[in-house]
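Beneath this line is the structure, given in C-alpha coordinates, with notes to follow.
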Amino acid sequence: MMRDQKLWTWHLAAGVVILFLLGLHMTVMHLNVTVPLKGLNPAGGHPIDWQNVIARGKIGAFALTYVVLLGAALFHGLYGLRNILFELNPASWLKRTVSIVLLLCGLALFSFGTWAAIAGFSLAKAM
Amino acid sequence: MIESKGHPNRLGIWGWLGGGRWGVERYLYTLHRLTGLGLLTYFLLHILVTSSRALGKAPWEQAMNAVTGPLFKLGEYLVFVAFAFHAVNGIRLGIIELGFGVGPPIEPVYPYRTSLDVQRPLAVGVLLLAAIIVVMGTLNFWVLE
(Lines give C-alpha, C1' and ligand atoms only; values in the text may rest on other atoms or scores of the structure.)
Protein backbone atom coordinates (compact mmCIF):
# COMPACT_ATOMS: atom_id res chain seq x y z
CA MET A 1 0.00 0.00 0.00
CA MET A 2 1.38 3.40 -0.93
CA ARG A 3 1.98 6.05 1.72
CA ASP A 4 -0.95 8.26 0.68
CA GLN A 5 -3.29 5.27 0.61
CA LYS A 6 -2.24 4.42 4.17
CA LEU A 7 -2.77 8.00 5.32
CA TRP A 8 -6.20 8.09 3.62
CA THR A 9 -7.17 4.83 5.33
CA TRP A 10 -6.11 6.33 8.69
CA HIS A 11 -8.12 9.44 7.83
CA LEU A 12 -11.26 7.31 7.38
CA ALA A 13 -10.53 5.25 10.50
CA ALA A 14 -10.05 8.45 12.52
CA GLY A 15 -13.41 9.65 11.16
CA VAL A 16 -15.14 6.58 12.60
CA VAL A 17 -13.49 7.13 16.01
CA ILE A 18 -14.50 10.80 15.95
CA LEU A 19 -18.07 9.89 14.99
CA PHE A 20 -18.50 7.94 18.24
CA LEU A 21 -16.41 10.03 20.63
CA LEU A 22 -17.40 13.47 19.34
CA GLY A 23 -20.98 12.18 19.18
CA LEU A 24 -20.72 11.34 22.88
CA HIS A 25 -19.06 14.70 23.63
CA MET A 26 -21.78 16.63 21.77
CA THR A 27 -24.50 14.63 23.50
CA VAL A 28 -23.03 15.39 26.92
CA MET A 29 -22.37 19.06 26.21
CA HIS A 30 -25.11 20.19 23.80
CA LEU A 31 -27.93 17.63 24.03
CA ASN A 32 -27.90 17.54 27.83
CA VAL A 33 -31.65 18.28 28.05
CA THR A 34 -33.01 16.42 25.00
CA VAL A 35 -30.77 13.35 25.59
CA PRO A 36 -29.81 13.55 29.29
CA LEU A 37 -26.90 11.35 30.42
CA LYS A 38 -27.21 11.90 34.16
CA GLY A 39 -24.04 10.01 35.02
CA LEU A 40 -21.94 12.48 33.06
CA ASN A 41 -23.68 15.61 34.38
CA PRO A 42 -24.45 14.48 37.94
CA ALA A 43 -24.64 17.94 39.53
CA GLY A 44 -27.39 19.09 37.16
CA GLY A 45 -27.28 22.60 35.75
CA HIS A 46 -25.01 23.28 32.81
CA PRO A 47 -22.44 20.70 31.64
CA ILE A 48 -19.62 23.26 31.94
CA ASP A 49 -20.39 23.97 35.61
CA TRP A 50 -17.26 23.17 37.64
CA GLN A 51 -18.96 20.40 39.66
CA ASN A 52 -19.91 18.55 36.46
CA VAL A 53 -16.45 19.11 34.97
CA ILE A 54 -14.83 17.60 38.08
CA ALA A 55 -17.31 14.67 38.18
CA ARG A 56 -16.50 13.77 34.57
CA GLY A 57 -12.81 14.43 35.15
CA LYS A 58 -12.69 11.75 37.87
CA ILE A 59 -13.67 9.04 35.39
CA GLY A 60 -10.44 7.59 34.01
CA ALA A 61 -12.12 6.13 30.90
CA PHE A 62 -13.59 9.54 30.10
CA ALA A 63 -10.15 11.17 30.37
CA LEU A 64 -8.84 8.47 28.03
CA THR A 65 -11.56 9.25 25.47
CA TYR A 66 -10.39 12.89 25.53
CA VAL A 67 -6.86 11.85 24.54
CA VAL A 68 -8.06 9.42 21.84
CA LEU A 69 -10.51 12.02 20.47
CA LEU A 70 -7.78 14.67 20.54
CA GLY A 71 -5.40 12.50 18.50
CA ALA A 72 -8.05 11.30 16.04
CA ALA A 73 -9.52 14.78 15.49
CA LEU A 74 -6.13 16.44 15.06
CA PHE A 75 -5.05 13.85 12.50
CA HIS A 76 -8.40 13.87 10.66
CA GLY A 77 -8.63 17.67 10.59
CA LEU A 78 -5.03 18.49 9.73
CA TYR A 79 -4.77 15.74 7.09
CA GLY A 80 -8.03 17.01 5.57
CA LEU A 81 -6.62 20.54 5.49
CA ARG A 82 -3.43 19.22 3.89
CA ASN A 83 -5.47 17.51 1.16
CA ILE A 84 -7.39 20.70 0.42
CA LEU A 85 -4.17 22.71 0.22
CA PHE A 86 -2.49 20.10 -2.00
CA GLU A 87 -5.41 20.22 -4.44
CA LEU A 88 -4.45 23.82 -5.16
CA ASN A 89 -1.25 22.45 -6.77
CA PRO A 90 1.41 24.24 -4.74
CA ALA A 91 5.09 23.82 -5.69
CA SER A 92 6.75 20.69 -4.29
CA TRP A 93 8.86 22.68 -1.79
CA LEU A 94 5.66 24.29 -0.51
CA LYS A 95 3.99 20.88 -0.18
CA ARG A 96 6.90 19.69 1.95
CA THR A 97 6.77 22.85 4.08
CA VAL A 98 2.99 22.53 4.59
CA SER A 99 3.35 18.87 5.61
CA ILE A 100 6.10 19.67 8.13
CA VAL A 101 4.28 22.68 9.61
CA LEU A 102 1.00 20.73 9.99
CA LEU A 103 2.83 17.76 11.51
CA LEU A 104 4.62 19.97 14.05
CA CYS A 105 1.40 21.85 14.90
CA GLY A 106 -0.41 18.55 15.36
CA LEU A 107 2.27 17.09 17.61
CA ALA A 108 2.49 20.28 19.70
CA LEU A 109 -1.29 20.48 20.18
CA PHE A 110 -1.52 16.77 20.93
CA SER A 111 1.21 17.06 23.59
CA PHE A 112 -0.43 20.14 25.12
CA GLY A 113 -3.93 18.63 25.07
CA THR A 114 -2.72 15.33 26.52
CA TRP A 115 -0.98 17.19 29.33
CA ALA A 116 -4.21 19.12 30.03
CA ALA A 117 -6.29 15.90 30.06
CA ILE A 118 -3.88 14.12 32.44
CA ALA A 119 -3.46 17.17 34.70
CA GLY A 120 -7.25 17.65 34.74
CA PHE A 121 -7.75 14.00 35.69
CA SER A 122 -5.15 14.24 38.50
CA LEU A 123 -6.73 17.45 39.80
CA ALA A 124 -10.23 15.93 39.78
CA LYS A 125 -9.02 12.76 41.55
CA ALA A 126 -7.38 14.85 44.28
CA MET A 127 -10.64 16.74 45.02
CA MET B 1 -8.00 10.16 -19.00
CA ILE B 2 -9.13 13.80 -19.04
CA GLU B 3 -6.50 16.08 -20.52
CA SER B 4 -5.61 18.94 -18.20
CA LYS B 5 -3.81 21.01 -20.88
CA GLY B 6 -1.26 22.11 -18.30
CA HIS B 7 -3.89 23.52 -15.96
CA PRO B 8 -4.62 20.78 -13.41
CA ASN B 9 -7.44 21.78 -11.07
CA ARG B 10 -7.58 25.09 -12.92
CA LEU B 11 -10.80 26.17 -11.20
CA GLY B 12 -9.16 25.97 -7.76
CA ILE B 13 -11.44 26.82 -4.85
CA TRP B 14 -13.82 28.66 -7.25
CA GLY B 15 -14.70 25.20 -8.53
CA TRP B 16 -16.29 24.50 -5.13
CA LEU B 17 -19.06 26.98 -5.88
CA GLY B 18 -20.41 25.41 -9.05
CA GLY B 19 -22.30 22.11 -8.90
CA GLY B 20 -22.58 21.91 -12.68
CA ARG B 21 -23.92 18.60 -13.91
CA TRP B 22 -22.96 16.85 -10.67
CA GLY B 23 -26.02 18.18 -8.90
CA VAL B 24 -26.69 18.25 -5.17
CA GLU B 25 -23.80 15.90 -4.27
CA ARG B 26 -21.34 18.56 -5.49
CA TYR B 27 -22.81 21.08 -3.07
CA LEU B 28 -22.67 18.49 -0.27
CA TYR B 29 -18.97 18.12 -1.14
CA THR B 30 -18.46 21.89 -0.83
CA LEU B 31 -20.46 22.02 2.39
CA HIS B 32 -18.47 19.08 3.80
CA ARG B 33 -15.24 20.98 3.19
CA LEU B 34 -16.50 24.28 4.58
CA THR B 35 -17.91 22.65 7.72
CA GLY B 36 -14.68 20.66 8.10
CA LEU B 37 -12.57 23.82 7.96
CA GLY B 38 -14.91 25.55 10.40
CA LEU B 39 -14.83 22.64 12.83
CA LEU B 40 -11.03 22.46 12.62
CA THR B 41 -10.69 26.19 13.40
CA TYR B 42 -13.05 25.87 16.36
CA PHE B 43 -11.33 22.69 17.58
CA LEU B 44 -7.86 24.29 17.68
CA LEU B 45 -9.21 27.17 19.79
CA HIS B 46 -11.26 24.73 21.90
CA ILE B 47 -8.10 22.84 22.91
CA LEU B 48 -6.51 26.06 24.18
CA VAL B 49 -9.61 27.33 26.03
CA THR B 50 -10.62 24.07 27.72
CA SER B 51 -7.07 23.27 28.84
CA SER B 52 -7.66 25.83 31.63
CA ARG B 53 -9.49 22.99 33.41
CA ALA B 54 -6.09 21.58 34.38
CA LEU B 55 -5.27 24.75 36.36
CA GLY B 56 -8.26 24.69 38.73
CA LYS B 57 -11.67 26.21 39.31
CA ALA B 58 -10.81 29.92 39.04
CA PRO B 59 -8.93 29.71 35.68
CA TRP B 60 -11.69 27.45 34.32
CA GLU B 61 -14.47 29.85 35.27
CA GLN B 62 -12.44 32.79 33.99
CA ALA B 63 -11.98 31.05 30.62
CA MET B 64 -15.66 30.09 30.42
CA ASN B 65 -16.76 33.63 31.31
CA ALA B 66 -14.57 34.93 28.47
CA VAL B 67 -16.53 32.86 25.95
CA THR B 68 -20.10 33.53 27.06
CA GLY B 69 -22.71 35.88 25.61
CA PRO B 70 -25.16 35.69 22.70
CA LEU B 71 -22.47 35.86 19.99
CA PHE B 72 -20.50 32.93 21.43
CA LYS B 73 -23.74 30.99 21.96
CA LEU B 74 -24.65 31.50 18.30
CA GLY B 75 -21.13 30.45 17.28
CA GLU B 76 -21.39 27.31 19.41
CA TYR B 77 -24.77 26.53 17.85
CA LEU B 78 -23.30 26.86 14.36
CA VAL B 79 -20.49 24.50 15.39
CA PHE B 80 -23.14 22.00 16.50
CA VAL B 81 -24.99 22.33 13.17
CA ALA B 82 -21.68 21.93 11.27
CA PHE B 83 -20.89 18.84 13.35
CA ALA B 84 -24.32 17.29 12.62
CA PHE B 85 -23.93 17.78 8.88
CA HIS B 86 -20.24 16.82 8.68
CA ALA B 87 -20.76 13.65 10.74
CA VAL B 88 -23.73 12.22 8.84
CA ASN B 89 -22.39 13.29 5.45
CA GLY B 90 -19.12 11.61 6.45
CA ILE B 91 -21.08 8.37 7.01
CA ARG B 92 -22.47 8.73 3.46
CA LEU B 93 -18.99 9.29 2.04
CA GLY B 94 -17.67 6.25 3.92
CA ILE B 95 -20.50 4.05 2.60
CA ILE B 96 -19.83 5.19 -0.97
CA GLU B 97 -16.04 4.87 -0.52
CA LEU B 98 -16.59 1.20 0.37
CA GLY B 99 -18.65 0.71 -2.81
CA PHE B 100 -22.09 0.41 -1.21
CA GLY B 101 -25.12 2.37 -2.39
CA VAL B 102 -23.74 3.14 -5.84
CA GLY B 103 -25.52 0.35 -7.71
CA PRO B 104 -23.98 -2.43 -9.81
CA PRO B 105 -21.66 -1.62 -12.73
CA ILE B 106 -23.61 -1.25 -15.99
CA GLU B 107 -22.77 -1.18 -19.70
CA PRO B 108 -22.06 2.35 -20.94
CA VAL B 109 -24.93 2.35 -23.43
CA TYR B 110 -26.43 5.58 -24.77
CA PRO B 111 -28.36 7.35 -23.25
CA TYR B 112 -25.82 7.08 -20.42
CA ARG B 113 -27.07 6.71 -16.88
CA THR B 114 -25.24 8.11 -13.88
CA SER B 115 -24.82 6.32 -10.56
CA LEU B 116 -25.74 9.60 -8.87
CA ASP B 117 -29.41 8.68 -9.38
CA VAL B 118 -28.78 5.51 -7.37
CA GLN B 119 -26.91 7.46 -4.68
CA ARG B 120 -29.56 10.19 -4.33
CA PRO B 121 -31.71 8.41 -1.68
CA LEU B 122 -28.60 8.14 0.50
CA ALA B 123 -27.97 11.88 0.15
CA VAL B 124 -31.61 12.64 1.02
CA GLY B 125 -31.46 10.27 4.00
CA VAL B 126 -28.29 11.95 5.25
CA LEU B 127 -29.85 15.40 5.04
CA LEU B 128 -32.95 14.18 6.91
CA LEU B 129 -30.83 12.63 9.66
CA ALA B 130 -28.76 15.82 9.96
CA ALA B 131 -32.00 17.81 10.15
CA ILE B 132 -33.30 15.63 13.02
CA ILE B 133 -30.06 16.12 14.98
CA VAL B 134 -30.16 19.86 14.29
CA VAL B 135 -33.77 20.07 15.55
CA MET B 136 -32.77 18.26 18.77
CA GLY B 137 -29.82 20.64 19.17
CA THR B 138 -31.97 23.69 18.42
CA LEU B 139 -34.46 22.67 21.12
CA ASN B 140 -31.60 22.13 23.57
CA PHE B 141 -29.80 25.40 22.73
CA TRP B 142 -32.64 27.85 22.39
CA VAL B 143 -35.81 26.40 23.97
CA LEU B 144 -35.26 23.90 26.78
CA GLU B 145 -31.93 24.94 28.32
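The chains in the C-alpha coordinates are called A, B, ... from first to last as shown; in each chain the residues are counted from 1, and the ligands are counted from 1 in the order shown.
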
Which chain B residues have any atom within 9 Å of an atom of chain A, and for each, what is the nearest pair of atoms with distance in Å to one decimal, counting only C-alpha atoms, rows sorted by chain and number, as JSON lines?
```
{"residue": "B:Pro8", "atom": "CA", "partner": "A:Asn89", "partner_atom": "CA", "distance": 7.6}
{"residue": "B:Asn9", "atom": "CA", "partner": "A:Leu88", "partner_atom": "CA", "distance": 6.9}
{"residue": "B:Arg10", "atom": "CA", "partner": "A:Leu88", "partner_atom": "CA", "distance": 8.5}
{"residue": "B:Gly12", "atom": "CA", "partner": "A:Leu88", "partner_atom": "CA", "distance": 5.8}
{"residue": "B:Ile13", "atom": "CA", "partner": "A:Leu88", "partner_atom": "CA", "distance": 7.6}
{"residue": "B:Arg33", "atom": "CA", "partner": "A:Ile84", "partner_atom": "CA", "distance": 8.3}
{"residue": "B:Gly36", "atom": "CA", "partner": "A:Gly77", "partner_atom": "CA", "distance": 7.2}
{"residue": "B:Leu37", "atom": "CA", "partner": "A:Leu81", "partner_atom": "CA", "distance": 7.2}
{"residue": "B:Leu39", "atom": "CA", "partner": "A:Gly77", "partner_atom": "CA", "distance": 8.3}
{"residue": "B:Leu40", "atom": "CA", "partner": "A:Gly77", "partner_atom": "CA", "distance": 5.7}
{"residue": "B:Phe43", "atom": "CA", "partner": "A:Ala73", "partner_atom": "CA", "distance": 8.4}
{"residue": "B:Leu44", "atom": "CA", "partner": "A:Leu109", "partner_atom": "CA", "distance": 8.0}
{"residue": "B:Ile47", "atom": "CA", "partner": "A:Gly113", "partner_atom": "CA", "distance": 6.3}
{"residue": "B:Leu48", "atom": "CA", "partner": "A:Gly113", "partner_atom": "CA", "distance": 7.9}
{"residue": "B:Thr50", "atom": "CA", "partner": "A:Ala116", "partner_atom": "CA", "distance": 8.4}
{"residue": "B:Ser51", "atom": "CA", "partner": "A:Ala116", "partner_atom": "CA", "distance": 5.2}
{"residue": "B:Ser52", "atom": "CA", "partner": "A:Ala116", "partner_atom": "CA", "distance": 7.7}
{"residue": "B:Arg53", "atom": "CA", "partner": "A:Gly120", "partner_atom": "CA", "distance": 5.9}
{"residue": "B:Ala54", "atom": "CA", "partner": "A:Gly120", "partner_atom": "CA", "distance": 4.1}
{"residue": "B:Leu55", "atom": "CA", "partner": "A:Gly120", "partner_atom": "CA", "distance": 7.6}
{"residue": "B:Gly56", "atom": "CA", "partner": "A:Leu123", "partner_atom": "CA", "distance": 7.5}
{"residue": "B:Lys57", "atom": "CA", "partner": "A:Trp50", "partner_atom": "CA", "distance": 6.6}
{"residue": "B:Trp60", "atom": "CA", "partner": "A:Trp50", "partner_atom": "CA", "distance": 7.8}
{"residue": "B:Glu61", "atom": "CA", "partner": "A:Trp50", "partner_atom": "CA", "distance": 7.6}
{"residue": "B:Met64", "atom": "CA", "partner": "A:Ile48", "partner_atom": "CA", "distance": 8.0}
{"residue": "B:Tyr77", "atom": "CA", "partner": "A:His30", "partner_atom": "CA", "distance": 8.7}
{"residue": "B:Phe80", "atom": "CA", "partner": "A:Met26", "partner_atom": "CA", "distance": 7.6}
{"residue": "B:Phe83", "atom": "CA", "partner": "A:Met26", "partner_atom": "CA", "distance": 8.7}
{"residue": "B:Ala84", "atom": "CA", "partner": "A:Gly23", "partner_atom": "CA", "distance": 9.0}
{"residue": "B:Ala87", "atom": "CA", "partner": "A:Leu19", "partner_atom": "CA", "distance": 6.3}
{"residue": "B:Val88", "atom": "CA", "partner": "A:Leu19", "partner_atom": "CA", "distance": 8.7}
{"residue": "B:Gly90", "atom": "CA", "partner": "A:Gly15", "partner_atom": "CA", "distance": 7.7}
{"residue": "B:Ile91", "atom": "CA", "partner": "A:Val16", "partner_atom": "CA", "distance": 8.4}
{"residue": "B:Gly94", "atom": "CA", "partner": "A:Leu12", "partner_atom": "CA", "distance": 7.4}
{"residue": "B:Met136", "atom": "CA", "partner": "A:Thr34", "partner_atom": "CA", "distance": 6.5}
{"residue": "B:Gly137", "atom": "CA", "partner": "A:Leu31", "partner_atom": "CA", "distance": 6.0}
{"residue": "B:Leu139", "atom": "CA", "partner": "A:Thr34", "partner_atom": "CA", "distance": 7.5}
{"residue": "B:Asn140", "atom": "CA", "partner": "A:Leu31", "partner_atom": "CA", "distance": 5.8}
{"residue": "B:Phe141", "atom": "CA", "partner": "A:His30", "partner_atom": "CA", "distance": 7.1}
{"residue": "B:Leu144", "atom": "CA", "partner": "A:Val33", "partner_atom": "CA", "distance": 6.8}
{"residue": "B:Glu145", "atom": "CA", "partner": "A:Val33", "partner_atom": "CA", "distance": 6.7}
```

Store the residues picked out above in a file with N, CA and C atoms, as a short mmCIF file (atom, residue, chain, number, x, y, z; two decimals), in the first residue's frame.
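Writing done, so here's result_4.cif:
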```cif
data_model
loop_
_atom_site.label_atom_id
_atom_site.label_comp_id
_atom_site.auth_asym_id
_atom_site.auth_seq_id
_atom_site.Cartn_x
_atom_site.Cartn_y
_atom_site.Cartn_z
N PRO B 8 -3.92 21.70 -14.30
CA PRO B 8 -4.62 20.78 -13.41
C PRO B 8 -5.38 21.56 -12.34
N ASN B 9 -6.59 21.12 -12.08
CA ASN B 9 -7.44 21.78 -11.07
C ASN B 9 -7.50 23.28 -11.31
N ARG B 10 -7.70 23.67 -12.57
CA ARG B 10 -7.58 25.09 -12.92
C ARG B 10 -8.65 25.97 -12.27
N GLY B 12 -9.54 25.71 -9.14
CA GLY B 12 -9.16 25.97 -7.76
C GLY B 12 -10.37 25.98 -6.84
N ILE B 13 -10.32 26.83 -5.81
CA ILE B 13 -11.44 26.82 -4.85
C ILE B 13 -12.71 27.41 -5.45
N ARG B 33 -16.55 20.33 3.03
CA ARG B 33 -15.24 20.98 3.19
C ARG B 33 -15.35 22.23 4.07
N GLY B 36 -15.91 21.26 7.57
CA GLY B 36 -14.68 20.66 8.10
C GLY B 36 -13.67 21.73 8.50
N LEU B 37 -13.51 22.74 7.64
CA LEU B 37 -12.57 23.82 7.96
C LEU B 37 -13.05 24.62 9.17
N LEU B 39 -14.99 23.48 11.63
CA LEU B 39 -14.83 22.64 12.83
C LEU B 39 -13.37 22.58 13.26
N LEU B 40 -12.46 22.51 12.29
CA LEU B 40 -11.03 22.46 12.62
C LEU B 40 -10.60 23.75 13.33
N PHE B 43 -11.98 23.73 16.77
CA PHE B 43 -11.33 22.69 17.58
C PHE B 43 -9.97 23.16 18.11
N LEU B 44 -9.19 23.82 17.26
CA LEU B 44 -7.86 24.29 17.68
C LEU B 44 -7.99 25.30 18.82
N ILE B 47 -9.17 23.50 22.15
CA ILE B 47 -8.10 22.84 22.91
C ILE B 47 -7.47 23.85 23.87
N LEU B 48 -7.19 25.05 23.35
CA LEU B 48 -6.51 26.06 24.18
C LEU B 48 -7.41 26.54 25.31
N THR B 50 -10.21 25.06 26.72
CA THR B 50 -10.62 24.07 27.72
C THR B 50 -9.45 23.50 28.53
N SER B 51 -8.22 23.76 28.07
CA SER B 51 -7.07 23.27 28.84
C SER B 51 -6.96 23.98 30.19
N SER B 52 -7.69 25.10 30.35
CA SER B 52 -7.66 25.83 31.63
C SER B 52 -8.23 24.97 32.76
N ARG B 53 -8.95 23.94 32.41
CA ARG B 53 -9.49 22.99 33.41
C ARG B 53 -8.38 22.39 34.26
N ALA B 54 -7.22 22.21 33.67
CA ALA B 54 -6.09 21.58 34.38
C ALA B 54 -5.52 22.49 35.47
N LEU B 55 -5.87 23.80 35.42
CA LEU B 55 -5.27 24.75 36.36
C LEU B 55 -6.15 25.03 37.57
N GLY B 56 -7.39 24.52 37.56
CA GLY B 56 -8.26 24.69 38.73
C GLY B 56 -9.53 25.46 38.42
N LYS B 57 -10.34 25.64 39.48
CA LYS B 57 -11.67 26.21 39.31
C LYS B 57 -11.64 27.65 38.79
N TRP B 60 -10.63 28.03 35.15
CA TRP B 60 -11.69 27.45 34.32
C TRP B 60 -12.86 28.42 34.17
N GLU B 61 -13.32 28.95 35.33
CA GLU B 61 -14.47 29.85 35.27
C GLU B 61 -14.14 31.15 34.55
N MET B 64 -14.28 30.27 30.88
CA MET B 64 -15.66 30.09 30.42
C MET B 64 -16.41 31.42 30.36
N TYR B 77 -23.64 27.18 18.53
CA TYR B 77 -24.77 26.53 17.85
C TYR B 77 -24.39 26.19 16.41
N PHE B 80 -22.33 23.21 16.34
CA PHE B 80 -23.14 22.00 16.50
C PHE B 80 -23.80 21.61 15.17
N PHE B 83 -21.22 20.21 12.92
CA PHE B 83 -20.89 18.84 13.35
C PHE B 83 -21.95 17.85 12.84
N ALA B 84 -23.23 18.20 13.02
CA ALA B 84 -24.32 17.29 12.62
C ALA B 84 -24.22 16.97 11.13
N ALA B 87 -20.78 15.03 10.25
CA ALA B 87 -20.76 13.65 10.74
C ALA B 87 -21.60 12.74 9.86
N VAL B 88 -22.85 13.14 9.60
CA VAL B 88 -23.73 12.22 8.84
C VAL B 88 -23.34 12.18 7.36
N GLY B 90 -20.32 12.46 6.40
CA GLY B 90 -19.12 11.61 6.45
C GLY B 90 -19.49 10.13 6.40
N ILE B 91 -20.60 9.76 7.07
CA ILE B 91 -21.08 8.37 7.01
C ILE B 91 -21.42 8.03 5.56
N GLY B 94 -18.30 7.53 3.58
CA GLY B 94 -17.67 6.25 3.92
C GLY B 94 -18.37 5.08 3.24
N MET B 136 -33.01 18.61 17.35
CA MET B 136 -32.77 18.26 18.77
C MET B 136 -31.82 19.27 19.41
N GLY B 137 -30.78 19.65 18.66
CA GLY B 137 -29.82 20.64 19.17
C GLY B 137 -30.45 22.01 19.32
N LEU B 139 -33.61 22.70 19.92
CA LEU B 139 -34.46 22.67 21.12
C LEU B 139 -33.60 22.83 22.37
N ASN B 140 -32.47 22.10 22.40
CA ASN B 140 -31.60 22.13 23.57
C ASN B 140 -30.97 23.51 23.77
N PHE B 141 -30.51 24.10 22.66
CA PHE B 141 -29.80 25.40 22.73
C PHE B 141 -30.71 26.56 23.08
N LEU B 144 -35.16 24.64 25.52
CA LEU B 144 -35.26 23.90 26.78
C LEU B 144 -34.21 24.30 27.81
N GLU B 145 -33.03 24.71 27.36
CA GLU B 145 -31.93 24.94 28.32
C GLU B 145 -32.08 26.28 29.04
#
```

Counting only C-alpha atoms, what is within 10 Å of segment 107-117 of chain B, bar same-chain residues fewer than 5 positions away, as number ranges by chain? B: 22-25, 101-102, 122-123

A straight line from atom CA of Gly39 of chain A to atom CA of Leu24 of chain A spans 12.7 Å

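Shortest atom-to-atom contact with Arg120 of chain B among B:Ala58, B:Leu28, B:Leu34, B:Val79: B:Leu28, counting only C-alpha atoms.
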
Applying 10 Å and only C-alpha atoms, which residues near Glu76 of chain B remain after dropping the ones on its own chain fewer than 4 positions away? List them as a ChimeraX atom specification. /A:30 /B:42,67-68,70-72,80-82,141

Residues near Leu40 of chain A, anyone? I mean within 9 Å using only C-alpha atoms, not counting same-chain ones fewer than 4 positions away, as a short mmCIF file (atom, residue, chain, number, x, y, z; two decimals) with N, CA and C atoms, in the first residue's frame.
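Output below, filename selection16.cif:
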```
data_model
loop_
_atom_site.label_atom_id
_atom_site.label_comp_id
_atom_site.auth_asym_id
_atom_site.auth_seq_id
_atom_site.Cartn_x
_atom_site.Cartn_y
_atom_site.Cartn_z
N VAL A 28 -23.23 14.95 25.53
CA VAL A 28 -23.03 15.39 26.92
C VAL A 28 -23.12 16.91 27.03
N PRO A 36 -30.58 13.41 28.05
CA PRO A 36 -29.81 13.55 29.29
C PRO A 36 -29.03 12.29 29.66
N PRO A 47 -23.58 21.65 31.69
CA PRO A 47 -22.44 20.70 31.64
C PRO A 47 -21.08 21.33 31.91
N ASN A 52 -19.76 19.57 37.52
CA ASN A 52 -19.91 18.55 36.46
C ASN A 52 -18.57 18.23 35.80
N VAL A 53 -17.77 19.28 35.60
CA VAL A 53 -16.45 19.11 34.97
C VAL A 53 -15.59 18.18 35.83
N ALA A 55 -16.71 16.03 38.13
CA ALA A 55 -17.31 14.67 38.18
C ALA A 55 -16.89 13.87 36.95
N ARG A 56 -16.93 14.48 35.78
CA ARG A 56 -16.50 13.77 34.57
C ARG A 56 -15.00 13.53 34.59
#
```
